[in-house]
Amino acid sequence: MLCCVTGAVALEASRQIAPHLKAGATLADMTTASPATKREAAALTAQQGARYLDVAIMGGILSGRERTPLLASGDGAEAFQRLLAPCGGRVKTIDGGAVGDAMALKILRSVFTKGMESLSVELLLSAERLGVRQKLYEQLQDIDQTPLRDFIDMLVRTHVVHAGRRAHEVHDAQQELIAQGAPSQVLPGVEQRFQRTARALAAAPLGLPEPSIEEALGWLQAHAA
């Protein structure tokens with residue numbers, strides 16, 4: 001059975017559906033409910049001897065239609081993948097993934113993409129005002145040639161070493177946008193992130209010139225999260 005209501009009423013829908021599920025049945029929750037809500041709904045379903053599947057919609061349905069990418073976690077994910085394959089469905093499962101993992105990954109993906117979208121809007125508007133947009137693309141080619149995972153890890157690894165200096169660079173960038181008459185909506189939060197890390201570094205220096213991603217994340221969680 002598919003649950004395709006809005007995320008706000010997903011738990012109540014699960015409460016109403018659960019008593020009617022047969023033992024061994026699967027309820028695939030395709031809503032935008034939070035990971036915690038989906039785990040709670042899964043517990044209700046389990047009381048009936050049924051399975052609950054967390055399905056996150058990872059693309060635009062209007063454009064993707066039946067081929068919109070889906071991410072599934074929980075017991076029965078592989079069976080759900082096989083069920084939709086003949087219809088052209090694109091279901092990716094998470095190895096060992098529990099209920100809530102699919103939605104958690106969707107949310108984290110949104111943190112990245114929506115943050116990049118906001119920065120990109122401000123970046124290209126500024127470049128357009130200065131008449132250097134095409135030249136900017138050329139200056140970003142080295143980033144374009146770096147695998148995304150390597151680039152993200154590099155940013156975090158070097159952040160815990162150079163946050164203080166970069167906080168000043170972010171401040172200067174904000175001043176430039178103010179001078180253009182278009183103050184940034186995004187960079188104030190970026191500057192706060194750098195300043196917070198810089199203060200933590202002053203209080204508890206990392207002491208590693210080139211930390212690994214695990215060392216960088218461990219230090220951030222302990223001192224600057």
# chains A, B, ... in the order shown; residues from 1 in each chain; ligands from 1
>>> residues_around(residues="A:Val190", least_positions_apart="2", cutoff="12 Å", atoms="only C-alpha atoms", output="list in words")
Gly115, Ser118, Leu119, His159, Ala163, Arg166, Ala167, His168, Glu169, Val170, His171, Ala173, Gln174, Ser184, Gln185, Val186, Leu187, Pro188, Gln192, Arg193, Phe194, Gln195, Arg196 and Thr197 of chain A
>>> residues_around(residues="A:Ser126", least_positions_apart="2", cutoff="10 Å", atoms="only C-alpha atoms", output="ChimeraX atom specification")
/A:120-124,128-133,176-177,180-182,184
>>> closest_atom_pairs(of="stretch 136-174 of chain A", to="stretch 199-202 of chain A", cutoff="10 Å", atoms="only C-alpha atoms", output="Markdown table")
| residue | atom | partner | partner_atom | distance |
| --- | --- | --- | --- | --- |
| A:Val160 | CA | A:Leu201 | CA | 7.5 |
| A:Val161 | CA | A:Leu201 | CA | 8.2 |
| A:His162 | CA | A:Leu201 | CA | 9.6 |
| A:Ala163 | CA | A:Leu201 | CA | 8.4 |
| A:Gly164 | CA | A:Arg199 | CA | 8.0 |
>>> residues_around(residues="A:Ala42", least_positions_apart="5", cutoff="12 Å", atoms="only C-alpha atoms", output="list in words")
Ala10, Leu11, Ala13, Ser14, Arg15, Ile17, Ala18, Thr26, Leu27, Ala28, Asp29, Pro35, Ala36, Thr37, Gln47, Gln48, Gly49, Ala50, Arg51, Tyr52, Leu53, Asp54, Ser73, Gly74, Asp75, Ala98, Val99 and Gly100 of chain A
>>> write_last_selection(atoms="N, CA and C atoms", output="PDB file, in the first residue's frame")
ATOM      1  N   ALA A  10       0.811  12.588   7.800  1.00  0.00           N
ATOM      2  CA  ALA A  10       1.295  11.236   7.536  1.00  0.00           C
ATOM      3  C   ALA A  10       1.114  10.314   8.732  1.00  0.00           C
ATOM      4  N   LEU A  11       1.397  10.805   9.938  1.00  0.00           N
ATOM      5  CA  LEU A  11       1.285   9.957  11.123  1.00  0.00           C
ATOM      6  C   LEU A  11      -0.168   9.575  11.382  1.00  0.00           C
ATOM      7  N   ALA A  13      -2.507   9.408   9.165  1.00  0.00           N
ATOM      8  CA  ALA A  13      -2.886   8.465   8.112  1.00  0.00           C
ATOM      9  C   ALA A  13      -2.406   7.062   8.466  1.00  0.00           C
ATOM     10  N   SER A  14      -1.200   6.956   8.990  1.00  0.00           N
ATOM     11  CA  SER A  14      -0.669   5.643   9.378  1.00  0.00           C
ATOM     12  C   SER A  14      -1.502   5.031  10.499  1.00  0.00           C
ATOM     13  N   ARG A  15      -1.954   5.867  11.434  1.00  0.00           N
ATOM     14  CA  ARG A  15      -2.803   5.369  12.521  1.00  0.00           C
ATOM     15  C   ARG A  15      -4.106   4.773  11.974  1.00  0.00           C
ATOM     16  N   ILE A  17      -4.557   3.659   8.844  1.00  0.00           N
ATOM     17  CA  ILE A  17      -4.290   2.553   7.926  1.00  0.00           C
ATOM     18  C   ILE A  17      -3.889   1.284   8.665  1.00  0.00           C
ATOM     19  N   ALA A  18      -3.079   1.432   9.707  1.00  0.00           N
ATOM     20  CA  ALA A  18      -2.462   0.280  10.372  1.00  0.00           C
ATOM     21  C   ALA A  18      -3.441  -0.839  10.728  1.00  0.00           C
ATOM     22  N   THR A  26       3.058  -4.443   3.241  1.00  0.00           N
ATOM     23  CA  THR A  26       4.029  -3.347   3.325  1.00  0.00           C
ATOM     24  C   THR A  26       3.327  -2.021   3.070  1.00  0.00           C
ATOM     25  N   LEU A  27       3.547  -1.062   3.947  1.00  0.00           N
ATOM     26  CA  LEU A  27       3.062   0.300   3.754  1.00  0.00           C
ATOM     27  C   LEU A  27       4.249   1.159   3.341  1.00  0.00           C
ATOM     28  N   ALA A  28       4.220   1.671   2.124  1.00  0.00           N
ATOM     29  CA  ALA A  28       5.294   2.519   1.612  1.00  0.00           C
ATOM     30  C   ALA A  28       4.895   3.977   1.796  1.00  0.00           C
ATOM     31  N   ASP A  29       5.582   4.648   2.715  1.00  0.00           N
ATOM     32  CA  ASP A  29       5.293   6.047   3.029  1.00  0.00           C
ATOM     33  C   ASP A  29       6.120   6.942   2.116  1.00  0.00           C
ATOM     34  N   PRO A  35      12.035  12.219   9.626  1.00  0.00           N
ATOM     35  CA  PRO A  35      12.517  10.885   9.983  1.00  0.00           C
ATOM     36  C   PRO A  35      11.910  10.368  11.282  1.00  0.00           C
ATOM     37  N   ALA A  36      11.791  11.230  12.294  1.00  0.00           N
ATOM     38  CA  ALA A  36      11.234  10.807  13.576  1.00  0.00           C
ATOM     39  C   ALA A  36       9.770  10.393  13.429  1.00  0.00           C
ATOM     40  N   THR A  37       9.011  11.142  12.635  1.00  0.00           N
ATOM     41  CA  THR A  37       7.606  10.805  12.406  1.00  0.00           C
ATOM     42  C   THR A  37       7.481   9.471  11.694  1.00  0.00           C
ATOM     43  N   GLN A  47       3.106  -3.184  14.866  1.00  0.00           N
ATOM     44  CA  GLN A  47       2.166  -3.792  15.809  1.00  0.00           C
ATOM     45  C   GLN A  47       1.148  -4.676  15.103  1.00  0.00           C
ATOM     46  N   GLN A  48       0.948  -4.441  13.816  1.00  0.00           N
ATOM     47  CA  GLN A  48       0.008  -5.237  13.027  1.00  0.00           C
ATOM     48  C   GLN A  48       0.708  -6.365  12.273  1.00  0.00           C
ATOM     49  N   GLY A  49       2.020  -6.503  12.514  1.00  0.00           N
ATOM     50  CA  GLY A  49       2.766  -7.534  11.805  1.00  0.00           C
ATOM     51  C   GLY A  49       3.067  -7.157  10.370  1.00  0.00           C
ATOM     52  N   ALA A  50       2.928  -5.885  10.048  1.00  0.00           N
ATOM     53  CA  ALA A  50       3.186  -5.396   8.693  1.00  0.00           C
ATOM     54  C   ALA A  50       4.510  -4.649   8.651  1.00  0.00           C
ATOM     55  N   ARG A  51       4.985  -4.380   7.439  1.00  0.00           N
ATOM     56  CA  ARG A  51       6.252  -3.675   7.245  1.00  0.00           C
ATOM     57  C   ARG A  51       5.987  -2.239   6.814  1.00  0.00           C
ATOM     58  N   TYR A  52       6.911  -1.386   7.173  1.00  0.00           N
ATOM     59  CA  TYR A  52       6.800   0.039   6.845  1.00  0.00           C
ATOM     60  C   TYR A  52       8.037   0.446   6.065  1.00  0.00           C
ATOM     61  N   LEU A  53       7.831   1.096   4.943  1.00  0.00           N
ATOM     62  CA  LEU A  53       8.934   1.470   4.059  1.00  0.00           C
ATOM     63  C   LEU A  53       9.009   2.992   3.941  1.00  0.00           C
ATOM     64  N   ASP A  54      10.179   3.519   4.206  1.00  0.00           N
ATOM     65  CA  ASP A  54      10.436   4.956   4.094  1.00  0.00           C
ATOM     66  C   ASP A  54      10.893   5.252   2.671  1.00  0.00           C
ATOM     67  N   SER A  73      14.293   3.093   2.185  1.00  0.00           N
ATOM     68  CA  SER A  73      14.997   2.434   3.284  1.00  0.00           C
ATOM     69  C   SER A  73      13.988   1.733   4.176  1.00  0.00           C
ATOM     70  N   GLY A  74      14.462   0.677   4.822  1.00  0.00           N
ATOM     71  CA  GLY A  74      13.585  -0.104   5.677  1.00  0.00           C
ATOM     72  C   GLY A  74      13.340  -1.482   5.100  1.00  0.00           C
ATOM     73  N   ASP A  75      12.710  -2.334   5.881  1.00  0.00           N
ATOM     74  CA  ASP A  75      12.442  -3.705   5.464  1.00  0.00           C
ATOM     75  C   ASP A  75      11.495  -3.712   4.264  1.00  0.00           C
ATOM     76  N   ALA A  98      17.687   1.981   7.687  1.00  0.00           N
ATOM     77  CA  ALA A  98      16.511   1.849   8.536  1.00  0.00           C
ATOM     78  C   ALA A  98      15.474   2.897   8.155  1.00  0.00           C
ATOM     79  N   VAL A  99      14.261   2.703   8.652  1.00  0.00           N
ATOM     80  CA  VAL A  99      13.211   3.691   8.425  1.00  0.00           C
ATOM     81  C   VAL A  99      13.684   5.051   8.935  1.00  0.00           C
ATOM     82  N   GLY A 100      13.511   6.082   8.136  1.00  0.00           N
ATOM     83  CA  GLY A 100      13.955   7.434   8.471  1.00  0.00           C
ATOM     84  C   GLY A 100      15.221   7.833   7.748  1.00  0.00           C
TER      85      GLY A 100
END
>>> closest_residue(among="A:Gly89, A:Met116, A:Gly218, A:Ile94", to="A:Glu66", atoms="only C-alpha atoms")
A:Gly89
>>> residues_around(residues="A:Val5", least_positions_apart="2", cutoff="9 Å", atoms="only C-alpha atoms", output="ChimeraX atom specification")
/A:3,7-10,13,29-32
>>> write_last_selection(atoms="C-alpha atoms", output="tab-separated table (two decimals), in the first residue's frame")
chain	number	residue	atom	x	y	z
A	3	CYS	CA	0.79	6.46	1.53
A	7	GLY	CA	3.78	15.07	5.53
A	8	ALA	CA	1.74	16.99	8.09
A	9	VAL	CA	-0.92	14.26	8.24
A	10	ALA	CA	1.29	11.24	7.54
A	13	ALA	CA	-2.89	8.46	8.11
A	29	ASP	CA	5.29	6.05	3.03
A	30	MET	CA	6.12	8.47	0.21
A	31	THR	CA	5.35	11.58	2.24
A	32	THR	CA	7.66	14.38	3.38
>>> atom_distance(atom1="atom CA of A:Ala216", atom2="atom CA of A:Thr158")
8.3 Å
>>> select_by_dssp(residues="stretch 18-207 of chain A", states="strand (DSSP E or B)", output="list of chain:residue names")
A:Thr26, A:Leu27, A:Ala28, A:Asp29, A:Arg51, A:Tyr52, A:Leu53, A:Asp54, A:Val55, A:Ala56, A:Ile57, A:Pro69, A:Leu70, A:Leu71, A:Ala72, A:Ser73, A:Arg90, A:Val91, A:Lys92, A:Thr93
>>> atom_distance(atom1="atom CA of A:Asp153", atom2="atom CA of A:Thr113")
16.2 Å
>>> select_by_dssp(residues="stretch 19-124 of chain A", states="helix (DSSP H, G or I)", output="PyMOL selection string")
chain A and resi 19-20+35-46+61-67+77-87+101-124
>>> closest_residue(among="A:Leu71, A:Arg157, A:Asp172, A:Gly60", to="A:Pro209", atoms="only C-alpha atoms")
A:Arg157
>>> decode(residues="stretch 94-134 of chain A", atoms="N, CA and C atoms", output="PDB file, in the first residue's frame")
ATOM      1  N   ILE A  94      18.980   1.780   0.233  1.00  0.00           N
ATOM      2  CA  ILE A  94      20.112   2.071   1.108  1.00  0.00           C
ATOM      3  C   ILE A  94      20.512   0.777   1.792  1.00  0.00           C
ATOM      4  N   ASP A  95      21.701   0.308   1.547  1.00  0.00           N
ATOM      5  CA  ASP A  95      22.173  -0.926   2.165  1.00  0.00           C
ATOM      6  C   ASP A  95      22.129  -0.799   3.684  1.00  0.00           C
ATOM      7  N   GLY A  96      21.371  -1.684   4.314  1.00  0.00           N
ATOM      8  CA  GLY A  96      21.266  -1.644   5.763  1.00  0.00           C
ATOM      9  C   GLY A  96      20.504  -0.446   6.287  1.00  0.00           C
ATOM     10  N   GLY A  97      19.823   0.268   5.408  1.00  0.00           N
ATOM     11  CA  GLY A  97      19.124   1.488   5.819  1.00  0.00           C
ATOM     12  C   GLY A  97      17.885   1.196   6.637  1.00  0.00           C
ATOM     13  N   ALA A  98      17.687   1.981   7.687  1.00  0.00           N
ATOM     14  CA  ALA A  98      16.511   1.849   8.536  1.00  0.00           C
ATOM     15  C   ALA A  98      15.474   2.897   8.155  1.00  0.00           C
ATOM     16  N   VAL A  99      14.261   2.703   8.652  1.00  0.00           N
ATOM     17  CA  VAL A  99      13.211   3.691   8.425  1.00  0.00           C
ATOM     18  C   VAL A  99      13.684   5.051   8.935  1.00  0.00           C
ATOM     19  N   GLY A 100      13.511   6.082   8.136  1.00  0.00           N
ATOM     20  CA  GLY A 100      13.955   7.434   8.471  1.00  0.00           C
ATOM     21  C   GLY A 100      15.221   7.833   7.748  1.00  0.00           C
ATOM     22  N   ASP A 101      16.027   6.836   7.326  1.00  0.00           N
ATOM     23  CA  ASP A 101      17.291   7.161   6.667  1.00  0.00           C
ATOM     24  C   ASP A 101      17.071   7.835   5.314  1.00  0.00           C
ATOM     25  N   ALA A 102      16.085   7.354   4.564  1.00  0.00           N
ATOM     26  CA  ALA A 102      15.831   7.932   3.239  1.00  0.00           C
ATOM     27  C   ALA A 102      15.429   9.399   3.359  1.00  0.00           C
ATOM     28  N   MET A 103      14.512   9.685   4.282  1.00  0.00           N
ATOM     29  CA  MET A 103      14.075  11.075   4.438  1.00  0.00           C
ATOM     30  C   MET A 103      15.201  11.937   4.995  1.00  0.00           C
ATOM     31  N   ALA A 104      16.015  11.386   5.910  1.00  0.00           N
ATOM     32  CA  ALA A 104      17.139  12.149   6.456  1.00  0.00           C
ATOM     33  C   ALA A 104      18.093  12.551   5.344  1.00  0.00           C
ATOM     34  N   LEU A 105      18.360  11.636   4.412  1.00  0.00           N
ATOM     35  CA  LEU A 105      19.257  11.942   3.307  1.00  0.00           C
ATOM     36  C   LEU A 105      18.643  12.963   2.359  1.00  0.00           C
ATOM     37  N   LYS A 106      17.331  12.879   2.164  1.00  0.00           N
ATOM     38  CA  LYS A 106      16.657  13.881   1.327  1.00  0.00           C
ATOM     39  C   LYS A 106      16.795  15.272   1.942  1.00  0.00           C
ATOM     40  N   ILE A 107      16.612  15.363   3.265  1.00  0.00           N
ATOM     41  CA  ILE A 107      16.727  16.656   3.943  1.00  0.00           C
ATOM     42  C   ILE A 107      18.148  17.198   3.840  1.00  0.00           C
ATOM     43  N   LEU A 108      19.130  16.317   4.058  1.00  0.00           N
ATOM     44  CA  LEU A 108      20.528  16.753   3.969  1.00  0.00           C
ATOM     45  C   LEU A 108      20.871  17.195   2.552  1.00  0.00           C
ATOM     46  N   ARG A 109      20.338  16.494   1.572  1.00  0.00           N
ATOM     47  CA  ARG A 109      20.557  16.898   0.181  1.00  0.00           C
ATOM     48  C   ARG A 109      19.973  18.301  -0.060  1.00  0.00           C
ATOM     49  N   SER A 110      18.812  18.570   0.554  1.00  0.00           N
ATOM     50  CA  SER A 110      18.189  19.880   0.404  1.00  0.00           C
ATOM     51  C   SER A 110      19.023  20.969   1.072  1.00  0.00           C
ATOM     52  N   VAL A 111      19.635  20.647   2.226  1.00  0.00           N
ATOM     53  CA  VAL A 111      20.524  21.612   2.876  1.00  0.00           C
ATOM     54  C   VAL A 111      21.612  22.047   1.905  1.00  0.00           C
ATOM     55  N   PHE A 112      22.177  21.070   1.202  1.00  0.00           N
ATOM     56  CA  PHE A 112      23.256  21.371   0.254  1.00  0.00           C
ATOM     57  C   PHE A 112      22.739  22.113  -0.973  1.00  0.00           C
ATOM     58  N   THR A 113      21.710  21.563  -1.616  1.00  0.00           N
ATOM     59  CA  THR A 113      21.269  22.146  -2.882  1.00  0.00           C
ATOM     60  C   THR A 113      20.627  23.516  -2.695  1.00  0.00           C
ATOM     61  N   LYS A 114      19.824  23.678  -1.648  1.00  0.00           N
ATOM     62  CA  LYS A 114      19.177  24.975  -1.446  1.00  0.00           C
ATOM     63  C   LYS A 114      20.190  26.021  -0.997  1.00  0.00           C
ATOM     64  N   GLY A 115      21.187  25.589  -0.193  1.00  0.00           N
ATOM     65  CA  GLY A 115      22.250  26.529   0.166  1.00  0.00           C
ATOM     66  C   GLY A 115      23.036  26.961  -1.054  1.00  0.00           C
ATOM     67  N   MET A 116      23.375  26.004  -1.927  1.00  0.00           N
ATOM     68  CA  MET A 116      24.087  26.323  -3.164  1.00  0.00           C
ATOM     69  C   MET A 116      23.241  27.210  -4.076  1.00  0.00           C
ATOM     70  N   GLU A 117      21.940  26.945  -4.105  1.00  0.00           N
ATOM     71  CA  GLU A 117      21.055  27.748  -4.946  1.00  0.00           C
ATOM     72  C   GLU A 117      21.060  29.208  -4.505  1.00  0.00           C
ATOM     73  N   SER A 118      20.951  29.421  -3.191  1.00  0.00           N
ATOM     74  CA  SER A 118      20.932  30.795  -2.678  1.00  0.00           C
ATOM     75  C   SER A 118      22.243  31.513  -2.976  1.00  0.00           C
ATOM     76  N   LEU A 119      23.368  30.826  -2.737  1.00  0.00           N
ATOM     77  CA  LEU A 119      24.663  31.435  -3.030  1.00  0.00           C
ATOM     78  C   LEU A 119      24.834  31.693  -4.522  1.00  0.00           C
ATOM     79  N   SER A 120      24.350  30.773  -5.344  1.00  0.00           N
ATOM     80  CA  SER A 120      24.498  30.925  -6.793  1.00  0.00           C
ATOM     81  C   SER A 120      23.715  32.126  -7.306  1.00  0.00           C
ATOM     82  N   VAL A 121      22.528  32.349  -6.747  1.00  0.00           N
ATOM     83  CA  VAL A 121      21.735  33.518  -7.144  1.00  0.00           C
ATOM     84  C   VAL A 121      22.517  34.800  -6.855  1.00  0.00           C
ATOM     85  N   GLU A 122      23.044  34.909  -5.638  1.00  0.00           N
ATOM     86  CA  GLU A 122      23.792  36.119  -5.286  1.00  0.00           C
ATOM     87  C   GLU A 122      25.080  36.230  -6.093  1.00  0.00           C
ATOM     88  N   LEU A 123      25.756  35.104  -6.302  1.00  0.00           N
ATOM     89  CA  LEU A 123      27.017  35.106  -7.041  1.00  0.00           C
ATOM     90  C   LEU A 123      26.830  35.591  -8.467  1.00  0.00           C
ATOM     91  N   LEU A 124      25.866  35.011  -9.177  1.00  0.00           N
ATOM     92  CA  LEU A 124      25.707  35.357 -10.593  1.00  0.00           C
ATOM     93  C   LEU A 124      25.095  36.745 -10.783  1.00  0.00           C
ATOM     94  N   LEU A 125      24.236  37.150  -9.857  1.00  0.00           N
ATOM     95  CA  LEU A 125      23.715  38.525  -9.954  1.00  0.00           C
ATOM     96  C   LEU A 125      24.852  39.534  -9.795  1.00  0.00           C
ATOM     97  N   SER A 126      25.751  39.275  -8.846  1.00  0.00           N
ATOM     98  CA  SER A 126      26.879  40.185  -8.651  1.00  0.00           C
ATOM     99  C   SER A 126      27.807  40.175  -9.859  1.00  0.00           C
ATOM    100  N   ALA A 127      28.090  38.973 -10.376  1.00  0.00           N
ATOM    101  CA  ALA A 127      28.961  38.864 -11.545  1.00  0.00           C
ATOM    102  C   ALA A 127      28.351  39.574 -12.751  1.00  0.00           C
ATOM    103  N   GLU A 128      27.023  39.501 -12.868  1.00  0.00           N
ATOM    104  CA  GLU A 128      26.339  40.155 -13.988  1.00  0.00           C
ATOM    105  C   GLU A 128      26.439  41.675 -13.858  1.00  0.00           C
ATOM    106  N   ARG A 129      26.271  42.157 -12.628  1.00  0.00           N
ATOM    107  CA  ARG A 129      26.377  43.609 -12.413  1.00  0.00           C
ATOM    108  C   ARG A 129      27.772  44.114 -12.773  1.00  0.00           C
ATOM    109  N   LEU A 130      28.794  43.294 -12.482  1.00  0.00           N
ATOM    110  CA  LEU A 130      30.178  43.691 -12.755  1.00  0.00           C
ATOM    111  C   LEU A 130      30.598  43.394 -14.189  1.00  0.00           C
ATOM    112  N   GLY A 131      29.752  42.688 -14.924  1.00  0.00           N
ATOM    113  CA  GLY A 131      30.067  42.360 -16.312  1.00  0.00           C
ATOM    114  C   GLY A 131      31.144  41.302 -16.468  1.00  0.00           C
ATOM    115  N   VAL A 132      31.271  40.394 -15.484  1.00  0.00           N
ATOM    116  CA  VAL A 132      32.346  39.390 -15.532  1.00  0.00           C
ATOM    117  C   VAL A 132      31.809  37.964 -15.393  1.00  0.00           C
ATOM    118  N   ARG A 133      30.538  37.762 -15.702  1.00  0.00           N
ATOM    119  CA  ARG A 133      29.961  36.437 -15.464  1.00  0.00           C
ATOM    120  C   ARG A 133      30.671  35.349 -16.265  1.00  0.00           C
ATOM    121  N   GLN A 134      30.912  35.583 -17.540  1.00  0.00           N
ATOM    122  CA  GLN A 134      31.584  34.569 -18.358  1.00  0.00           C
ATOM    123  C   GLN A 134      33.003  34.302 -17.848  1.00  0.00           C
TER     124      GLN A 134
END
